[in-house]
Amino acid sequence: MPQLPEAAADQLPALEPAPEPPLGQLPGTGPLAVPARPPGTGLAIPPRPTRPPAVPAPALPARVEPPLPPVGPPGPGTTSSTVALPLLPLAPAIEPMFTRAPGLNWAGPGDHWSRAWASDASRFPVAPPFPAAPPRPALPGGSAFPALPALAAVPGAPALPQPVAAVMPVAAGAGRWGAEQPPTAGDIELIRSCLAVVEPVADRATAHFYALLFLRDPEIRALFPAAMDLQRDRLFRTLLTAVRDAADPAVLAGYLAPLGRSHRKYGTLSGHYGPVGECLVAALERYCGSHWTAEAELAWRRAYGQVARVMSDAAEQAAKTSPPWWQAEIVAHRLSTPDIAVLTLRPDQAYPYRAGQYTALETPWWPRVWRHYSFAAAPRPDGLLTIHVKAVQAGWVSNALVRRAAPGDVLRLGPAEGGMVLDHADGADLLCVGGGTGIAPVTALVEELAAHGTRGRSVEVFYGARRHTELYGLDALRRLARGNPWITVRPVLSQESGGAGAESGELPDAIARRGPWSGHAAYLSGPPAMVRRTAAALRRSGVLAERIHHDLPGEPAAR
């Protein structure tokens, strides 16, 4: 399969805009769905997007009413008390700009995985109808035009789920939940005692929870991957963290708010929170045994109500400024080693992020299976994104991206996440450590420093790999160092003797030998075991814990 060199991605001629489809025909469904390829190329690349991120349709879309008819006596066949006012169609939610991309293969709402689990939409909870419209001005003779009917009352209008921006009560019966009040100290103790009982059988409890949820609302199954093992672990870990921090609302919000924003990419709707909470309580009741009492149930309902409020509030705020996901076309795919690919992506809308952050990515070959990949470059003026992917053994997504993906394929991206970003107001020297493809965010951080200035700081970059042939990003780092004398690059090889300026040994040991590092701010990225060992070595070397930055989930220094 032909591959497009990375440097040539911006040299291809831009496509002329495709003609608009006839009225009533959806984009991408007619004969104009695939544009002609530019002469002399084997790949058609849509022009670079220029529009800013669109804002989703509000939960309660504003009704647009036609102008009032002229005041006067009613015409033949009409009465003064009835005037037909047609409803205008609602504006669509965010739509991808790549509807005419060649060979469009994508994953998301409406794909084959969603259709396989689709059910009657009328069963799904929807947002309440519009509030009553204000009274219209009275016409001469005392008559008035009637207000428009609520959207849900329009004959033939389907009951569509509202986006998560519509923050509904946690459940239809909010009073039954008793979730208006946050959990008390006694509630937290009850919850912890229940978790202690459930933890030994957490696998069975979470399996029962998902079985209840999918039996009650089969369409929710489409939001999850086919294999649920990782999802079960994440649920229990999230519950443990939420309970641990329930007594500190600020810490709890710091943990749950990013989850609420991130869950928008899964297609989370406001109506999902109620069924999830009810099924969670039912599963806990079964597996808590004698520890399950009326007081324990109330405690769990209060705790879950607090969790749902924090997550839905964060999703509502995010929906005002950004879409729930982006579609990104692969415009360049280059193998740096037999197992590592460098992918250049062109998102369908402007994608905001900082150097050091990462994104969750979904491929069309493994729907609802998301994997995290760091950005390998600082934000670029052309809006393109770069990620590094290493094919790991039995890695579904990584092997598909390295060995199957090609220019023209369309991926789905969640919003940028992670707190491993630079503080340009801090004057401390920097220690950047990257192992394997963990060098990607380190390179992005160094690029951002080179662009914004270091303010007198020095940067030490340690780049670890097993063999010299795996140091695929070394040349780019050395080019940066040649133009910026404040950068020092130190490659470290764990399974080969040093050569060409490389040191030998394990990366954490090589860093410790070059210490002490007190006074430095450290940024770590790579395999989890390497990051943990390096963080421990740096703490022993005098680096304060709050100055050690990484994004390992569940780790205290993940900030």
# chains A, B, ... in the order shown; residues from 1 in each chain; ligands from 1
>>> residues_around(residues="His388 (chain A)", least_positions_apart="5", cutoff="7 Å", atoms="only C-alpha atoms", output="short mmCIF file (atom, residue, chain, number, x, y, z; two decimals) with all heavy atoms, in the first residue's frame")
data_model
loop_
_atom_site.label_atom_id
_atom_site.label_comp_id
_atom_site.auth_asym_id
_atom_site.auth_seq_id
_atom_site.Cartn_x
_atom_site.Cartn_y
_atom_site.Cartn_z
N ILE A 340 7.51 0.93 14.84
CA ILE A 340 7.11 2.27 15.26
C ILE A 340 6.73 3.08 14.02
O ILE A 340 7.50 3.16 13.06
CB ILE A 340 8.23 2.99 16.04
CG1 ILE A 340 8.54 2.23 17.33
CG2 ILE A 340 7.82 4.43 16.35
CD1 ILE A 340 9.68 2.83 18.14
N ALA A 341 5.53 3.65 14.06
CA ALA A 341 5.04 4.48 12.96
C ALA A 341 4.83 5.91 13.44
O ALA A 341 4.40 6.14 14.58
CB ALA A 341 3.74 3.92 12.40
N VAL A 342 5.15 6.86 12.57
CA VAL A 342 4.88 8.27 12.82
C VAL A 342 3.70 8.66 11.95
O VAL A 342 3.78 8.58 10.72
CB VAL A 342 6.10 9.14 12.51
CG1 VAL A 342 5.77 10.62 12.69
CG2 VAL A 342 7.28 8.75 13.40
N LEU A 343 2.59 9.05 12.58
CA LEU A 343 1.37 9.40 11.87
C LEU A 343 1.14 10.90 11.94
O LEU A 343 1.26 11.51 13.01
CB LEU A 343 0.15 8.69 12.47
CG LEU A 343 -0.11 7.24 12.05
CD1 LEU A 343 0.99 6.30 12.53
CD2 LEU A 343 -1.47 6.78 12.57
N ALA A 376 3.42 14.45 19.45
CA ALA A 376 4.87 14.43 19.28
C ALA A 376 5.42 15.76 18.80
O ALA A 376 6.61 15.85 18.50
CB ALA A 376 5.26 13.32 18.30
N THR A 437 8.69 5.29 22.84
CA THR A 437 7.86 6.33 22.22
C THR A 437 7.48 7.42 23.22
O THR A 437 6.85 8.41 22.82
CB THR A 437 6.58 5.70 21.65
OG1 THR A 437 5.93 4.92 22.67
CG2 THR A 437 6.89 4.80 20.47
N ALA A 440 8.05 11.18 22.45
CA ALA A 440 7.16 12.05 21.68
C ALA A 440 6.75 13.30 22.45
O ALA A 440 6.97 14.43 21.98
CB ALA A 440 5.94 11.25 21.21
#
>>> residues_around(residues="Trp396 (chain A)", least_positions_apart="6", cutoff="10 Å", atoms="only C-alpha atoms", output="mmCIF file with N, CA, C and O atoms, in the first residue's frame")
data_model
loop_
_atom_site.group_PDB
_atom_site.id
_atom_site.type_symbol
_atom_site.label_atom_id
_atom_site.label_comp_id
_atom_site.auth_asym_id
_atom_site.auth_seq_id
_atom_site.Cartn_x
_atom_site.Cartn_y
_atom_site.Cartn_z
ATOM 1 N N THR A 363 -10.030 3.810 16.323
ATOM 2 C CA THR A 363 -9.849 3.451 14.918
ATOM 3 C C THR A 363 -11.136 2.844 14.371
ATOM 4 O O THR A 363 -11.964 2.317 15.130
ATOM 5 N N TRP A 365 -11.334 0.133 12.803
ATOM 6 C CA TRP A 365 -11.242 -1.323 12.827
ATOM 7 C C TRP A 365 -11.586 -1.904 14.187
ATOM 8 O O TRP A 365 -11.909 -3.075 14.293
ATOM 9 N N TRP A 366 -11.478 -1.092 15.242
ATOM 10 C CA TRP A 366 -11.814 -1.532 16.591
ATOM 11 C C TRP A 366 -12.730 -0.492 17.223
ATOM 12 O O TRP A 366 -12.302 0.304 18.060
ATOM 13 N N VAL A 369 -12.948 1.045 21.113
ATOM 14 C CA VAL A 369 -11.700 0.722 21.814
ATOM 15 C C VAL A 369 -10.798 1.946 21.690
ATOM 16 O O VAL A 369 -10.331 2.269 20.593
ATOM 17 N N ARG A 371 -7.431 4.240 22.833
ATOM 18 C CA ARG A 371 -6.079 4.175 23.368
ATOM 19 C C ARG A 371 -5.490 5.586 23.402
ATOM 20 O O ARG A 371 -5.807 6.430 22.562
#
>>> residues_around(residues="region 285-287 of chain A", least_positions_apart="3", cutoff="7 Å", atoms="only C-alpha atoms", output="JSON list (two decimals) with N, CA, C and O atoms, in the first residue's frame")
[["chain", "number", "residue", "atom", "x", "y", "z"],
["A", 198, "VAL", "N", -17.29, -5.73, 48.81],
["A", 198, "VAL", "CA", -17.43, -6.00, 47.37],
["A", 198, "VAL", "C", -16.08, -6.24, 46.71],
["A", 198, "VAL", "O", -16.01, -6.97, 45.71],
["A", 205, "ALA", "N", -19.29, -8.47, 40.66],
["A", 205, "ALA", "CA", -20.21, -7.36, 40.91],
["A", 205, "ALA", "C", -20.30, -6.43, 39.71],
["A", 205, "ALA", "O", -21.39, -6.00, 39.32],
["A", 281, "VAL", "N", -26.78, 0.63, 42.11],
["A", 281, "VAL", "CA", -27.35, 0.34, 43.43],
["A", 281, "VAL", "C", -27.86, -1.09, 43.47],
["A", 281, "VAL", "O", -27.68, -1.81, 44.47],
["A", 282, "ALA", "N", -28.50, -1.56, 42.39],
["A", 282, "ALA", "CA", -29.01, -2.93, 42.38],
["A", 282, "ALA", "C", -27.88, -3.95, 42.48],
["A", 282, "ALA", "O", -27.99, -4.97, 43.18],
["A", 292, "TRP", "N", -25.75, -4.30, 53.43],
["A", 292, "TRP", "CA", -26.63, -3.42, 52.68],
["A", 292, "TRP", "C", -27.88, -3.11, 53.50],
["A", 292, "TRP", "O", -28.68, -3.98, 53.80]]
>>> select_by_dssp(residues="region 322-479 of chain A", states="strand (DSSP E or B)", output="ChimeraX atom specification")
/A:326-337,340-347,358-362,370-375,385-390,410-413,417,430-435,459-465
>>> atom_distance(atom1="CA of Arg334 (chain A)", atom2="CA of Ala406 (chain A)")
9.3 Å
